[in-house]
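Reviewing the structure listed below.
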Amino acid sequence: MSKIHLTDLPMNKAGKVISLNCSGPIRRRLLDLGIVNKTKIMPVLKSPSGDPTAFLVRGSIIALRKEDASLIDVEI
């Protein structure tokens, strides 16, 4: 299995969260959204401009900016 940033995960392909490379309020926000270790996450929609991207996490759709998604490492 390979480790990549969430921004590099292909559309409609699931990955598993392995680490959050941030601290402080942004880390708390990501954890509150359900993005914790071993959580399955999948990009499902991209805005016309390409940022933000909508992700399916634990049965909910959340939007993350590229800046925030790049802080999340996933394995595919």
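How things are named: the first chain in the structure tokens is A, the next is B, and so on; residues count from 1 in each chain; ligands count from 1 in the order shown.
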ask   = Counting only C-alpha atoms, what is within 7 Å of Ala54 of chain A, bar same-chain residues fewer than 6 positions away, as a PyMOL selection string?
value = chain A and resi 43-46+61-64
Let's have the selection written as a tab-separated table (two decimals), in the first residue's frame, with all heavy atoms.
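This went into part_26.tsv:
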```
chain	number	residue	atom	x	y	z
A	43	PRO	N	-12.91	11.05	-2.44
A	43	PRO	CA	-13.33	12.27	-3.14
A	43	PRO	C	-14.47	11.94	-4.12
A	43	PRO	O	-14.37	10.98	-4.88
A	43	PRO	CB	-12.08	12.71	-3.89
A	43	PRO	CG	-11.20	11.51	-3.97
A	43	PRO	CD	-11.60	10.60	-2.85
A	44	VAL	N	-15.56	12.72	-4.05
A	44	VAL	CA	-16.72	12.42	-4.88
A	44	VAL	C	-17.11	13.55	-5.83
A	44	VAL	O	-17.69	13.29	-6.88
A	44	VAL	CB	-17.95	12.00	-4.03
A	44	VAL	CG1	-17.71	10.65	-3.38
A	44	VAL	CG2	-18.28	13.04	-2.98
A	45	LEU	N	-16.83	14.79	-5.48
A	45	LEU	CA	-17.17	15.93	-6.32
A	45	LEU	C	-16.08	16.99	-6.25
A	45	LEU	O	-15.50	17.20	-5.19
A	45	LEU	CB	-18.49	16.58	-5.87
A	45	LEU	CG	-19.76	15.77	-5.94
A	45	LEU	CD1	-20.87	16.48	-5.17
A	45	LEU	CD2	-20.17	15.56	-7.37
A	46	LYS	N	-15.86	17.66	-7.37
A	46	LYS	CA	-14.91	18.78	-7.40
A	46	LYS	C	-15.66	20.00	-7.89
A	46	LYS	O	-16.47	19.91	-8.81
A	46	LYS	CB	-13.76	18.46	-8.35
A	46	LYS	CG	-12.41	18.90	-7.84
A	46	LYS	CD	-11.32	18.41	-8.75
A	46	LYS	CE	-10.44	17.48	-8.02
A	46	LYS	NZ	-9.14	17.89	-7.72
A	61	ILE	N	-21.08	13.92	3.40
A	61	ILE	CA	-20.27	14.63	2.41
A	61	ILE	C	-19.73	15.90	3.07
A	61	ILE	O	-20.51	16.69	3.62
A	61	ILE	CB	-21.11	15.02	1.18
A	61	ILE	CG1	-21.76	13.80	0.54
A	61	ILE	CG2	-20.27	15.82	0.19
A	61	ILE	CD1	-20.86	12.96	-0.30
A	62	ILE	N	-18.41	16.07	3.04
A	62	ILE	CA	-17.80	17.29	3.56
A	62	ILE	C	-16.93	17.91	2.48
A	62	ILE	O	-16.40	17.21	1.62
A	62	ILE	CB	-16.97	17.03	4.83
A	62	ILE	CG1	-15.80	16.06	4.55
A	62	ILE	CG2	-17.83	16.48	5.96
A	62	ILE	CD1	-14.77	16.02	5.64
A	63	ALA	N	-16.80	19.22	2.51
A	63	ALA	CA	-15.95	19.92	1.54
A	63	ALA	C	-14.68	20.37	2.24
A	63	ALA	O	-14.71	20.92	3.34
A	63	ALA	CB	-16.68	21.13	0.97
A	64	LEU	N	-13.55	20.11	1.59
A	64	LEU	CA	-12.26	20.54	2.12
A	64	LEU	C	-11.51	21.30	1.04
A	64	LEU	O	-11.48	20.89	-0.13
A	64	LEU	CB	-11.41	19.33	2.53
A	64	LEU	CG	-11.87	18.53	3.73
A	64	LEU	CD1	-10.98	17.30	3.90
A	64	LEU	CD2	-11.86	19.36	4.99
```
Would you pick out the contacts of segment 27-35 of chain A at 10 Å or less, using only C-alpha atoms, so that residues sharing its chain but fewer than 4 positions from it are not included, and give the list as a short mmCIF file (atom, residue, chain, number, x, y, z; two decimals) with N, CA, C and O atoms, in the first residue's frame?
```
data_model
loop_
_atom_site.label_atom_id
_atom_site.label_comp_id
_atom_site.auth_asym_id
_atom_site.auth_seq_id
_atom_site.Cartn_x
_atom_site.Cartn_y
_atom_site.Cartn_z
N LYS A 16 -7.62 5.24 3.05
CA LYS A 16 -7.76 5.15 4.50
C LYS A 16 -6.82 6.17 5.13
O LYS A 16 -5.63 6.21 4.81
N VAL A 17 -7.36 6.99 6.02
CA VAL A 17 -6.56 8.03 6.68
C VAL A 17 -5.49 7.36 7.54
O VAL A 17 -5.79 6.45 8.32
N ILE A 18 -4.23 7.82 7.39
CA ILE A 18 -3.17 7.28 8.23
C ILE A 18 -2.53 8.34 9.11
O ILE A 18 -1.97 8.01 10.14
N SER A 19 -2.62 9.62 8.73
CA SER A 19 -2.08 10.66 9.61
C SER A 19 -2.58 12.05 9.22
O SER A 19 -2.94 12.29 8.06
N LEU A 20 -2.61 12.93 10.22
CA LEU A 20 -2.92 14.35 10.02
C LEU A 20 -1.65 15.12 10.33
O LEU A 20 -1.11 15.00 11.42
N ASN A 21 -1.17 15.89 9.36
CA ASN A 21 0.08 16.62 9.51
C ASN A 21 -0.19 18.08 9.88
O ASN A 21 0.20 18.99 9.16
N CYS A 22 -0.89 18.28 10.99
CA CYS A 22 -1.22 19.62 11.43
C CYS A 22 -1.47 19.61 12.93
O CYS A 22 -1.50 18.55 13.56
N SER A 23 -1.65 20.80 13.49
CA SER A 23 -1.94 20.92 14.92
C SER A 23 -2.86 22.11 15.13
O SER A 23 -3.18 22.84 14.19
N THR A 39 -9.99 5.88 9.08
CA THR A 39 -11.29 6.23 8.50
C THR A 39 -11.20 6.19 6.99
O THR A 39 -10.25 6.69 6.39
N LYS A 40 -12.21 5.59 6.36
CA LYS A 40 -12.29 5.53 4.90
C LYS A 40 -12.76 6.89 4.40
O LYS A 40 -13.70 7.47 4.93
N ILE A 41 -12.10 7.41 3.36
CA ILE A 41 -12.44 8.71 2.79
C ILE A 41 -12.33 8.61 1.27
O ILE A 41 -11.44 7.93 0.75
N VAL A 57 -17.17 10.87 3.90
CA VAL A 57 -16.53 10.42 5.13
C VAL A 57 -17.62 9.94 6.08
O VAL A 57 -18.51 10.72 6.44
N ARG A 58 -17.58 8.68 6.46
CA ARG A 58 -18.53 8.13 7.43
C ARG A 58 -19.99 8.43 7.06
O ARG A 58 -20.79 8.81 7.90
N SER A 60 -21.20 10.91 5.34
CA SER A 60 -21.49 12.33 5.14
C SER A 60 -20.58 12.91 4.08
O SER A 60 -19.46 12.45 3.90
N ILE A 61 -21.08 13.92 3.40
CA ILE A 61 -20.27 14.63 2.41
C ILE A 61 -19.73 15.90 3.07
O ILE A 61 -20.51 16.69 3.62
N ILE A 62 -18.41 16.07 3.04
CA ILE A 62 -17.80 17.29 3.56
C ILE A 62 -16.93 17.91 2.48
O ILE A 62 -16.40 17.21 1.62
N LEU A 64 -13.55 20.11 1.59
CA LEU A 64 -12.26 20.54 2.12
C LEU A 64 -11.51 21.30 1.04
O LEU A 64 -11.48 20.89 -0.13
N ASP A 68 -6.26 22.37 3.10
CA ASP A 68 -6.52 21.50 4.25
C ASP A 68 -6.36 20.02 3.88
O ASP A 68 -5.82 19.24 4.66
N ALA A 69 -6.82 19.63 2.70
CA ALA A 69 -6.72 18.23 2.28
C ALA A 69 -5.25 17.79 2.13
O ALA A 69 -4.94 16.62 2.33
N LEU A 71 -2.96 18.29 4.10
CA LEU A 71 -2.43 17.97 5.43
C LEU A 71 -2.78 16.55 5.85
O LEU A 71 -2.33 16.10 6.90
N ILE A 72 -3.56 15.86 5.04
CA ILE A 72 -4.04 14.51 5.39
C ILE A 72 -3.34 13.48 4.52
O ILE A 72 -3.36 13.58 3.29
#
```
ask   = Running DSSP on the backbone, which parts of chain A land in strand (DSSP E), as JSON, numbers by chain?
value = {"A": [3, 4, 5, 15, 16, 17, 18, 19, 20, 40, 41, 42, 43, 44, 45, 46, 53, 54, 55, 56, 57, 60, 61, 62, 63, 64, 72, 73, 74, 75]}
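Atom pair atom CA of Met42 of chain A / atom CA of Lys3 of chain A: separated by 14.7 Å.
The coordinates place atom CA of Ser47 of chain A at 27.2 Å from atom CA of Gly24 of chain A.
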inquiry  = Just the number, please: distance in Å from atom CA of Ser49 of chain A to atom CA of Lys13 of chain A, one decimal.
reply    = 20.6 Å
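Among the candidates A:Phe55, A:Met11, A:Lys38, A:Pro25, the residue lying nearest to Glu75 of chain A is A:Lys38 (atoms considered: only C-alpha atoms).
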key: Pick from A:Ile26, A:Ile76, A:Ser70, A:Asn12, whichever lies nearest to Pro52 of chain A using only C-alpha atoms   = A:Ser70
